[in-house]
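K.L.:
Have a peek at data_5.tsv (TSV, C-alpha atoms and all ligand atoms).
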chain	number	residue	atom	x	y	z
G	25	MET	CA	192.60	73.29	137.09
G	26	ILE	CA	190.83	75.14	139.92
G	27	LYS	CA	191.34	78.38	138.09
G	28	ASN	CA	189.84	76.87	134.90
G	29	SER	CA	186.82	75.54	136.80
G	30	LEU	CA	186.27	78.92	138.36
G	31	THR	CA	186.50	80.60	134.97
G	32	TYR	CA	184.04	78.08	133.59
G	33	LEU	CA	181.66	78.62	136.51
G	34	LEU	CA	181.91	82.37	136.02
G	35	LEU	CA	181.17	82.03	132.32
G	36	VAL	CA	178.15	79.81	132.93
G	37	THR	CA	176.89	82.25	135.52
G	38	VAL	CA	177.27	85.19	133.17
G	39	VAL	CA	175.50	83.33	130.39
G	40	LEU	CA	172.69	82.28	132.73
G	41	ILE	CA	172.22	85.77	134.10
G	42	SER	CA	172.19	87.35	130.67
G	43	SER	CA	169.72	84.84	129.29
G	44	CYS	CA	167.49	85.29	132.33
G	45	SER	CA	167.53	89.04	132.06
G	46	LYS	CA	166.85	88.73	128.36
G	47	ASP	CA	163.76	86.65	129.11
G	48	SER	CA	162.53	89.19	131.57
G	49	ILE	CA	163.02	92.04	129.10
G	50	LEU	CA	161.34	90.45	126.11
G	51	VAL	CA	157.86	89.02	126.26
G	52	GLN	CA	156.24	87.06	123.47
G	53	THR	CA	152.71	88.09	122.67
G	54	THR	CA	150.49	88.71	119.67
G	55	ASP	CA	149.42	91.92	117.99
G	56	PRO	CA	145.77	92.81	117.39
G	57	VAL	CA	145.68	90.76	114.17
G	58	GLY	CA	147.29	87.74	115.78
G	59	ASN	CA	150.86	88.06	114.53
G	60	PRO	CA	153.52	87.41	117.15
G	61	VAL	CA	155.35	90.51	118.33
G	62	ILE	CA	157.95	91.13	121.01
G	63	VAL	CA	157.09	93.81	123.53
G	64	PRO	CA	158.77	94.99	126.71
G	65	PRO	CA	157.44	93.45	129.92
G	66	VAL	CA	154.81	95.32	131.81
G	67	ALA	CA	154.17	95.52	135.49
G	68	PRO	CA	150.94	97.46	135.53
G	69	PRO	CA	149.71	98.60	138.89
G	70	THR	CA	147.02	96.21	140.08
G	71	SER	CA	144.46	98.96	139.91
G	72	ALA	CA	145.06	99.45	136.19
G	73	THR	CA	144.97	95.83	135.15
G	74	ASP	CA	141.87	95.12	133.09
G	75	SER	CA	140.07	97.90	134.80
G	76	THR	CA	140.14	100.46	132.02
G	77	LEU	CA	136.79	99.39	130.54
G	78	VAL	CA	134.98	98.65	133.81
G	79	MET	CA	132.38	101.33	133.09
G	80	GLY	CA	131.89	100.16	129.49
G	81	ASN	CA	133.18	100.44	125.93
G	82	PRO	CA	131.36	103.59	124.73
G	83	SER	CA	131.47	102.85	120.99
G	84	ASN	CA	131.79	99.05	121.13
G	85	ALA	CA	135.29	99.33	119.68
G	86	THR	CA	136.72	96.01	118.48
G	87	THR	CA	140.12	94.52	117.66
G	88	ASN	CA	138.95	93.65	114.13
G	89	VAL	CA	141.18	95.48	111.60
G	90	ALA	CA	138.11	96.05	109.42
G	91	ASP	CA	136.84	98.27	112.24
G	92	PHE	CA	139.38	100.96	111.29
G	93	GLY	CA	137.21	103.83	112.47
G	94	ASN	CA	136.66	102.31	115.92
G	95	TYR	CA	139.64	100.07	116.56
G	96	LEU	CA	140.24	98.85	120.11
G	97	LEU	CA	143.79	99.16	121.44
G	98	LYS	CA	144.08	97.65	124.90
G	99	GLU	CA	147.24	99.22	126.19
G	100	ASN	CA	148.34	98.05	129.59
G	101	TYR	CA	147.53	101.33	131.29
G	102	TYR	CA	144.44	102.49	129.38
G	103	SER	CA	142.18	101.48	126.48
G	104	VAL	CA	141.71	103.35	123.21
G	105	SER	CA	139.18	103.49	120.41
G	106	TYR	CA	141.46	104.55	117.55
G	107	ASN	CA	140.32	106.09	114.29
G	108	ARG	CA	142.75	105.24	111.49
G	109	ASP	CA	141.50	107.82	109.03
G	110	ARG	CA	141.42	110.66	111.57
G	111	GLY	CA	144.84	109.63	112.92
G	112	ILE	CA	143.63	110.21	116.48
G	113	PRO	CA	141.77	108.31	119.20
G	114	ASN	CA	137.98	108.61	119.34
G	115	TRP	CA	138.24	108.12	123.08
G	116	VAL	CA	140.61	106.81	125.74
G	117	SER	CA	139.44	105.19	128.98
G	118	TRP	CA	141.43	104.67	132.16
G	119	HIS	CA	141.33	104.32	135.93
G	120	VAL	CA	143.30	106.40	138.43
G	121	SER	CA	143.92	105.57	142.05
G	122	ALA	CA	146.64	106.44	144.52
G	123	THR	CA	148.83	103.54	143.34
G	124	ASP	CA	149.06	105.14	139.88
G	125	LEU	CA	150.60	108.31	141.26
G	126	GLY	CA	154.30	107.87	141.95
G	127	ALA	CA	157.59	109.65	141.48
G	128	VAL	CA	158.52	108.73	137.91
G	129	ASN	CA	159.53	111.65	135.70
G	130	ARG	CA	157.78	112.58	132.50
G	131	GLN	CA	159.40	110.36	129.85
G	132	ASP	CA	158.50	112.60	126.88
G	133	ASP	CA	159.06	109.71	124.45
G	134	PHE	CA	156.30	110.57	121.98
G	135	ARG	CA	156.28	107.83	119.32
G	136	GLY	CA	154.20	105.86	116.84
G	137	ASN	CA	152.30	102.92	118.24
G	138	PRO	CA	153.98	99.66	117.13
G	139	ASN	CA	150.79	97.72	117.87
G	140	LEU	CA	148.78	99.31	115.07
G	141	PRO	CA	148.18	97.05	112.06
G	142	SER	CA	151.38	97.25	109.99
G	143	ASP	CA	149.78	98.71	106.87
G	144	TRP	CA	148.13	101.62	108.71
G	145	TYR	CA	149.65	105.09	108.68
G	146	LYS	CA	151.45	105.65	111.96
G	147	VAL	CA	151.34	109.11	113.46
G	148	GLU	CA	154.85	109.77	114.76
G	149	ASN	CA	156.71	111.99	117.20
G	150	THR	CA	157.12	114.82	114.68
G	151	SER	CA	153.77	114.54	112.87
G	152	TYR	CA	152.40	117.67	114.61
G	153	SER	CA	155.54	119.77	114.05
G	154	GLY	CA	154.82	123.27	112.83
G	155	SER	CA	151.06	122.80	113.11
G	156	GLY	CA	150.61	125.17	116.04
G	157	PHE	CA	148.87	122.42	118.00
G	158	ASP	CA	150.18	120.69	121.09
G	159	ARG	CA	150.48	116.93	121.29
G	160	GLY	CA	147.65	116.76	123.80
G	161	HIS	CA	147.37	113.69	125.98
G	162	MET	CA	144.06	111.97	126.56
G	163	CYS	CA	145.35	109.77	129.45
G	164	PRO	CA	147.72	112.32	131.04
G	165	SER	CA	151.38	111.63	131.67
G	166	SER	CA	150.89	112.73	135.29
G	167	ASP	CA	148.19	110.09	135.87
G	168	ARG	CA	150.78	107.40	135.12
G	169	THR	CA	153.82	107.96	137.30
G	170	SER	CA	154.05	104.62	139.13
G	171	SER	CA	156.64	103.19	136.72
G	172	ILE	CA	158.62	104.17	133.64
G	173	ALA	CA	156.56	101.73	131.54
G	174	ALA	CA	153.32	103.26	132.75
G	175	ASN	CA	154.44	106.81	132.05
G	176	SER	CA	156.00	105.96	128.71
G	177	SER	CA	152.78	104.31	127.54
G	178	THR	CA	151.00	107.67	127.63
G	179	PHE	CA	153.38	109.02	124.97
G	180	LEU	CA	152.17	106.63	122.27
G	181	MET	CA	150.70	108.91	119.59
G	182	THR	CA	147.48	106.84	119.69
G	183	ASN	CA	146.82	108.56	123.05
G	184	ILE	CA	147.34	112.04	121.59
G	185	ILE	CA	145.26	114.62	119.73
G	186	PRO	CA	146.17	118.00	118.17
G	187	GLN	CA	145.05	120.33	120.94
G	188	ALA	CA	145.10	124.14	121.02
G	189	PRO	CA	147.89	125.11	123.44
G	190	GLN	CA	145.75	127.31	125.70
G	191	ASN	CA	143.15	124.58	125.94
G	192	ASN	CA	145.76	121.91	126.69
G	193	GLN	CA	148.04	123.80	129.02
G	194	ILE	CA	145.51	125.81	131.02
G	195	THR	CA	141.91	124.61	130.98
G	196	TRP	CA	142.29	120.91	130.24
G	197	ALA	CA	145.35	120.73	132.50
G	198	GLY	CA	143.34	122.43	135.24
G	199	LEU	CA	140.79	119.61	135.18
G	200	GLU	CA	143.56	116.99	135.08
G	201	ASN	CA	145.12	118.55	138.18
G	202	TYR	CA	141.77	118.74	139.92
G	203	CYS	CA	141.22	115.02	139.23
G	204	ARG	CA	144.55	114.11	140.80
G	205	SER	CA	143.69	116.21	143.84
G	206	LEU	CA	140.57	114.05	144.24
G	207	VAL	CA	142.74	110.93	144.10
G	208	GLN	CA	145.14	112.41	146.66
G	209	SER	CA	142.22	112.99	149.00
G	210	GLY	CA	140.83	109.44	148.97
G	211	SER	CA	138.96	108.90	145.71
G	212	GLU	CA	139.52	106.62	142.76
G	213	LEU	CA	138.40	107.72	139.32
G	214	TYR	CA	137.22	106.22	136.06
G	215	ILE	CA	137.90	108.65	133.24
G	216	ILE	CA	136.89	108.58	129.59
G	217	ALA	CA	138.15	111.38	127.34
G	218	GLY	CA	137.64	111.94	123.65
G	219	SER	CA	137.07	114.36	120.83
G	220	TYR	CA	134.83	114.86	117.82
G	221	GLY	CA	134.17	117.23	114.94
G	222	GLU	CA	136.63	118.96	112.65
G	223	GLY	CA	138.49	122.22	113.05
G	224	GLY	CA	140.52	123.70	115.86
G	225	THR	CA	141.87	127.23	116.17
G	226	THR	CA	145.22	128.38	117.49
G	227	THR	CA	146.40	131.93	118.05
G	228	SER	CA	149.48	131.23	115.95
G	229	GLY	CA	147.90	129.41	113.01
G	230	GLY	CA	144.19	130.21	112.88
G	231	LEU	CA	141.69	127.54	111.91
G	232	SER	CA	142.93	124.09	110.84
G	233	THR	CA	140.82	121.08	110.02
G	234	ILE	CA	143.71	118.80	109.07
G	235	ILE	CA	147.48	118.61	109.64
G	236	ASP	CA	150.32	116.27	108.57
G	237	ASN	CA	149.35	116.46	104.87
G	238	GLY	CA	145.77	115.55	105.68
G	239	ARG	CA	146.59	112.43	107.60
G	240	ILE	CA	145.46	113.84	110.94
G	241	THR	CA	142.09	115.48	111.60
G	242	VAL	CA	142.04	118.34	114.08
G	243	PRO	CA	138.94	117.82	116.25
G	244	SER	CA	136.67	120.79	116.98
G	245	THR	CA	135.61	119.61	120.41
G	246	LEU	CA	137.03	117.70	123.37
G	247	TRP	CA	135.04	115.95	126.07
G	248	LYS	CA	135.74	114.15	129.31
G	249	VAL	CA	133.66	112.15	131.80
G	250	ILE	CA	134.95	111.38	135.29
G	251	VAL	CA	133.29	108.96	137.71
G	252	VAL	CA	134.36	109.70	141.29
G	253	LEU	CA	134.23	106.88	143.84
G	254	PRO	CA	135.59	106.69	147.38
G	255	ASN	CA	138.45	104.17	147.48
G	256	GLY	CA	137.15	100.62	147.63
G	257	SER	CA	136.55	97.47	145.64
G	258	ASN	CA	133.79	96.16	143.33
G	259	ASP	CA	133.77	99.58	141.73
G	260	LEU	CA	131.04	99.06	139.15
G	261	ASN	CA	128.64	97.86	141.85
G	262	ARG	CA	129.34	100.95	143.93
G	263	VAL	CA	128.09	103.37	141.28
G	264	THR	CA	124.71	104.65	142.49
G	265	THR	CA	122.41	107.55	141.71
G	266	ASN	CA	124.43	109.54	144.27
G	267	THR	CA	127.77	109.00	142.51
G	268	ARG	CA	129.51	112.18	141.45
G	269	VAL	CA	130.12	112.36	137.70
G	270	ILE	CA	131.97	115.33	136.22
G	271	SER	CA	131.57	115.90	132.47
G	272	ILE	CA	132.92	118.66	130.28
G	273	VAL	CA	132.70	119.62	126.62
G	274	ILE	CA	135.23	122.20	125.50
G	275	PRO	CA	136.06	123.74	122.10
G	276	ASN	CA	139.52	123.05	120.68
G	277	ASN	CA	140.70	126.62	120.51
G	278	ASP	CA	142.95	129.12	122.21
G	279	ASN	CA	140.17	131.47	123.37
G	280	VAL	CA	138.84	129.08	125.97
G	281	ASN	CA	138.07	130.23	129.48
G	282	SER	CA	140.85	129.17	131.84
G	283	ASP	CA	138.30	127.67	134.28
G	284	TRP	CA	137.27	124.13	133.29
G	285	LYS	CA	134.19	124.44	135.49
G	286	THR	CA	132.59	126.76	132.95
G	287	TYR	CA	132.47	123.83	130.49
G	288	ARG	CA	130.53	121.38	132.62
G	289	THR	CA	127.69	119.53	130.96
G	290	SER	CA	125.81	116.22	131.23
G	291	VAL	CA	126.91	112.81	130.01
G	292	ASP	CA	123.62	112.78	128.10
G	293	PHE	CA	124.77	115.79	126.08
G	294	ILE	CA	128.07	114.08	125.16
G	295	GLU	CA	126.17	110.92	124.22
G	296	GLN	CA	123.90	112.99	121.96
G	297	GLU	CA	126.88	114.62	120.26
G	298	THR	CA	128.92	111.44	119.78
G	299	GLY	CA	126.31	108.69	119.50
G	300	TYR	CA	128.20	106.72	122.19
G	301	ASP	CA	126.78	105.00	125.25
G	302	ILE	CA	129.07	106.14	128.03
G	303	LEU	CA	129.01	104.23	131.36
G	304	SER	CA	127.08	101.49	129.57
G	305	LYS	CA	127.95	98.86	132.21
G	306	VAL	CA	126.12	100.87	134.86
G	307	SER	CA	122.44	99.89	135.24
G	308	VAL	CA	120.13	101.81	132.92
G	309	GLY	CA	118.21	103.28	135.84
G	310	THR	CA	121.36	104.62	137.49
G	311	GLN	CA	122.68	105.91	134.17
G	312	SER	CA	119.53	107.90	133.58
G	313	VAL	CA	120.04	109.76	136.85
G	314	ILE	CA	123.80	110.35	136.84
G	315	GLU	CA	124.00	111.06	133.11
G	316	SER	CA	121.41	113.83	133.15
G	317	ARG	CA	122.92	115.65	136.14
G	318	ILE	CA	125.44	118.46	135.69
G	319	ASP	CA	128.13	118.59	138.36
G	320	ASN	CA	128.10	121.80	140.42
G	321	LEU	CA	130.50	121.17	143.31
U	401	MN	MN	147.76	117.85	128.14
U	402	MN	MN	125.30	105.93	129.04
Written as structure tokens, how would this file's structure read?
Ligand code: MN
Ligand code: MN
P.N.:
Amino acid sequence: MIKNSLTYLLLVTVVLISSCSKDSILVQTTDPVGNPVIVPPVAPPTSATDSTLVMGNPSNATTNVADFGNYLLKENYYSVSYNRDRGIPNWVSWHVSATDLGAVNRQDDFRGNPNLPSDWYKVENTSYSGSGFDRGHMCPSSDRTSSIAANSSTFLMTNIIPQAPQNNQITWAGLENYCRSLVQSGSELYIIAGSYGEGGTTTSGGLSTIIDNGRITVPSTLWKVIVVLPNGSNDLNRVTTNTRVISIVIPNNDNVNSDWKTYRTSVDFIEQETGYDILSKVSVGTQSVIESRIDNL
């Protein structure tokens, strides 16, 4: 009798534990068109929660599926304006502070984004194979090392563009590393990165305007804007005419200079090229000063 009760208790406990852990693994939510979907739980670092669009939504991307050229994907660790017909993001926006930089290894789990509308073509892990282009991150893997979920999120193909290897691995990576060094020395950053145009050039494959049977456009040009703030709170209100903003525009090819500093430009120039309003939440007067200045530190 005692033995049976114990067995029963054990069984109930096992069932309870497994149902609890199931609940904590699966979270009910809705996709961008309102259909329920099950996604893994997220424990975003506080600094990344809802802070990815603090400086603005440069193209007024929306979650309306009819907005297929400028479709807003609010991932938990960054936000994306996705372009269905180019098969790449227009831009990705995120925040980096010390709490985002941890010890998690690179997950390398490149994959299609399950949150895209179901009838859209999904760029997958192997869609760039044989193209000569790297799967270049917009929000870098190394900016999201606080948890496995955070790091893994950067490998969704909606955060990736076909990027010339030299550009990706040397010049662009050099700026990414520099940004993290700023974070390690007491700054927090708001970063928006994107691309435009058609046609990139690799040493191995020459000029390509499209890959993956035409389903992915190779951009001609990459850009990035970084707002540098000392650690603190009320970030938007702390942006002043003295705030450091680093902007670059860099061609998507393998002949690029290894030094990212040679590609510095103004936010105004990127706005002219793209038609976006970057840092639109900052007051117009402050924008006019910090967007016309070219960083020279
Ligand atoms: Mn990269
Ligand atoms: Mn602006």
K.L.:
Counting all atoms listed in the file, which residue out of G:Gln190, G:Ser205, G:Ser232, G:Ser307 sits closest to ligand MN 401 (chain U)?
P.N.:
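Distance minimum relative to ligand MN 401 (chain U) lands on G:Gln190.
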K.L.:
Collect all residues with atoms no farther than 10 Å from ligand MN 401 (chain U), counting all atoms listed in the file, and output them as a list in words.
P.N.:
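Those within range of ligand MN 401 (chain U) are Asp158, Arg159, Gly160, His161, Met162, Cys163, Pro164, Ser165, Ser166, Ile184, Ile185, Gln187, Ala188, Pro189, Gln190, Asn191, Asn192, Gln193, Ile194, Thr195, Trp196, Ala197, Gly198 and Glu200 of chain G.
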K.L.:
Which value, in Å to one decimal, gives the distance between CA of Gly309 in chain G and CA of Val263 in chain G?
P.N.:
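The value is 11.3 Å.
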K.L.:
To check your reading of the model: which residues sit at most 9 Å from ligand MN 402 (chain U) when counting only C-alpha atoms and all ligand atoms? Write the answer as a PyMOL selection string.
P.N.:
chain G and resi 80+82+291-292+295+300-306+308+311-312+315
K.L.:
Can you work out which one of G:Arg239, G:Lys285, G:Arg268, G:Arg168 has the shortest atom-to-atom distance to Val128 in chain G, counting only C-alpha atoms?
P.N.:
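Counting only C-alpha atoms, the residue closest to Val128 in chain G is G:Arg168.
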K.L.:
Env of Asn258 in chain G: 12 Å cut, atoms = only C-alpha atoms, seq-sep filter 3 positions within chain, self excluded. Answer as a short mmCIF file (atom, residue, chain, number, x, y, z; two decimals) with C-alpha atoms, keeping the file's coordinate frame.
P.N.:
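The result, stored in around18.cif:
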data_model
loop_
_atom_site.label_atom_id
_atom_site.label_comp_id
_atom_site.auth_asym_id
_atom_site.auth_seq_id
_atom_site.Cartn_x
_atom_site.Cartn_y
_atom_site.Cartn_z
CA SER G 71 144.46 98.96 139.91
CA SER G 75 140.07 97.90 134.80
CA VAL G 78 134.98 98.65 133.81
CA MET G 79 132.38 101.33 133.09
CA GLU G 212 139.52 106.62 142.76
CA LEU G 253 134.23 106.88 143.84
CA PRO G 254 135.59 106.69 147.38
CA ASN G 255 138.45 104.17 147.48
CA ASN G 261 128.64 97.86 141.85
CA ARG G 262 129.34 100.95 143.93
CA VAL G 263 128.09 103.37 141.28
#
K.L.:
Between CA of Asp259 in chain G and CA of Phe179 in chain G, what distance in Å does the model show, to one decimal?
P.N.:
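Spanning CA of Asp259 in chain G to CA of Phe179 in chain G is a straight-line distance of 27.5 Å.
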K.L.:
Between G:Thr241, G:Asn277, G:Ser271, G:Asn114, which is the closest to Arg317 in chain G once you count all atoms listed in the file?
P.N.:
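The answer is G:Ser271, which sits nearest to Arg317 in chain G.
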K.L.:
Go through G:Asn201, G:Ser209, G:Thr233, G:Asn175 and flag the residue nearest Trp284 in chain G, using all atoms listed in the file for the distances.
P.N.:
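The closest residue to Trp284 in chain G is G:Asn201.
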K.L.:
Go ahead and compute the interatomic distance for CA of Ser211 in chain G and CA of Asp167 in chain G, in Å to one decimal.
P.N.:
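According to the coordinates, CA of Ser211 in chain G and CA of Asp167 in chain G are separated by 13.5 Å.
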K.L.:
Of the candidates G:Val104, G:Met181, G:Ile270, G:Ile112, which one gets nearest to Gly136 in chain G if we count only C-alpha atoms?
P.N.:
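So, comparing all the options, the nearest one is G:Met181.
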K.L.:
Find the spatial neighbours of Leu246 in chain G, counting only C-alpha atoms, within a cut-off of 8 Å - ignore same-chain residues fewer than 2 positions away - and output them as an MDAnalysis selection string.
P.N.:
chainID G and resid 217:220 243:244 248 273:276
K.L.:
Restricting the calculation to all atoms listed in the file: of G:Trp144, G:Tyr152, G:Phe157, G:Tyr214, which residue gets closest to Ala90 in chain G?
P.N.:
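Of G:Trp144, G:Tyr152, G:Phe157, G:Tyr214, the one nearest Ala90 in chain G, counting all atoms listed in the file, is G:Trp144.
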K.L.:
Generate the coordinates of N, CA, C and O atoms for range 138-151 of chain G; report them as a PDB file, in the coordinates of the input.
P.N.:
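This is the output file result_0.pdb:
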ATOM      1  N   PRO G 138     153.572 100.847 117.894  1.00  0.00           N
ATOM      2  CA  PRO G 138     153.980  99.660 117.130  1.00  0.00           C
ATOM      3  C   PRO G 138     152.877  98.607 117.047  1.00  0.00           C
ATOM      4  O   PRO G 138     152.987  97.682 116.241  1.00  0.00           O
ATOM      5  N   ASN G 139     151.847  98.732 117.868  1.00  0.00           N
ATOM      6  CA  ASN G 139     150.790  97.720 117.870  1.00  0.00           C
ATOM      7  C   ASN G 139     149.663  97.999 116.881  1.00  0.00           C
ATOM      8  O   ASN G 139     148.705  97.226 116.814  1.00  0.00           O
ATOM      9  N   LEU G 140     149.783  99.091 116.122  1.00  0.00           N
ATOM     10  CA  LEU G 140     148.780  99.310 115.070  1.00  0.00           C
ATOM     11  C   LEU G 140     149.017  98.302 113.951  1.00  0.00           C
ATOM     12  O   LEU G 140     150.152  97.865 113.735  1.00  0.00           O
ATOM     13  N   PRO G 141     147.976  97.923 113.225  1.00  0.00           N
ATOM     14  CA  PRO G 141     148.180  97.050 112.060  1.00  0.00           C
ATOM     15  C   PRO G 141     149.277  97.644 111.158  1.00  0.00           C
ATOM     16  O   PRO G 141     149.333  98.859 110.965  1.00  0.00           O
ATOM     17  N   SER G 142     150.148  96.767 110.625  1.00  0.00           N
ATOM     18  CA  SER G 142     151.380  97.250 109.990  1.00  0.00           C
ATOM     19  C   SER G 142     151.136  98.086 108.742  1.00  0.00           C
ATOM     20  O   SER G 142     151.961  98.922 108.391  1.00  0.00           O
ATOM     21  N   ASP G 143     150.005  97.920 108.081  1.00  0.00           N
ATOM     22  CA  ASP G 143     149.780  98.710 106.870  1.00  0.00           C
ATOM     23  C   ASP G 143     149.006 100.008 107.135  1.00  0.00           C
ATOM     24  O   ASP G 143     148.626 100.691 106.197  1.00  0.00           O
ATOM     25  N   TRP G 144     148.797 100.356 108.391  1.00  0.00           N
ATOM     26  CA  TRP G 144     148.130 101.620 108.710  1.00  0.00           C
ATOM     27  C   TRP G 144     149.168 102.732 108.847  1.00  0.00           C
ATOM     28  O   TRP G 144     150.289 102.489 109.307  1.00  0.00           O
ATOM     29  N   TYR G 145     148.771 103.946 108.462  1.00  0.00           N
ATOM     30  CA  TYR G 145     149.650 105.090 108.680  1.00  0.00           C
ATOM     31  C   TYR G 145     149.866 105.277 110.179  1.00  0.00           C
ATOM     32  O   TYR G 145     148.918 105.262 110.955  1.00  0.00           O
ATOM     33  N   LYS G 146     151.139 105.439 110.544  1.00  0.00           N
ATOM     34  CA  LYS G 146     151.450 105.650 111.960  1.00  0.00           C
ATOM     35  C   LYS G 146     151.808 107.108 112.207  1.00  0.00           C
ATOM     36  O   LYS G 146     152.785 107.608 111.664  1.00  0.00           O
ATOM     37  N   VAL G 147     151.015 107.762 113.015  1.00  0.00           N
ATOM     38  CA  VAL G 147     151.340 109.110 113.460  1.00  0.00           C
ATOM     39  C   VAL G 147     152.586 109.008 114.332  1.00  0.00           C
ATOM     40  O   VAL G 147     152.668 108.126 115.188  1.00  0.00           O
ATOM     41  N   GLU G 148     153.562 109.882 114.067  1.00  0.00           N
ATOM     42  CA  GLU G 148     154.850 109.770 114.760  1.00  0.00           C
ATOM     43  C   GLU G 148     155.119 111.001 115.644  1.00  0.00           C
ATOM     44  O   GLU G 148     154.379 111.984 115.620  1.00  0.00           O
ATOM     45  N   ASN G 149     156.218 110.932 116.333  1.00  0.00           N
ATOM     46  CA  ASN G 149     156.710 111.990 117.200  1.00  0.00           C
ATOM     47  C   ASN G 149     156.613 113.387 116.576  1.00  0.00           C
ATOM     48  O   ASN G 149     156.163 114.329 117.209  1.00  0.00           O
ATOM     49  N   THR G 150     157.024 113.491 115.307  1.00  0.00           N
ATOM     50  CA  THR G 150     157.120 114.820 114.680  1.00  0.00           C
ATOM     51  C   THR G 150     155.921 115.169 113.799  1.00  0.00           C
ATOM     52  O   THR G 150     155.931 116.197 113.128  1.00  0.00           O
ATOM     53  N   SER G 151     154.888 114.322 113.795  1.00  0.00           N
ATOM     54  CA  SER G 151     153.770 114.540 112.870  1.00  0.00           C
ATOM     55  C   SER G 151     153.025 115.858 113.106  1.00  0.00           C
ATOM     56  O   SER G 151     152.353 116.356 112.213  1.00  0.00           O
TER      57      SER G 151
END
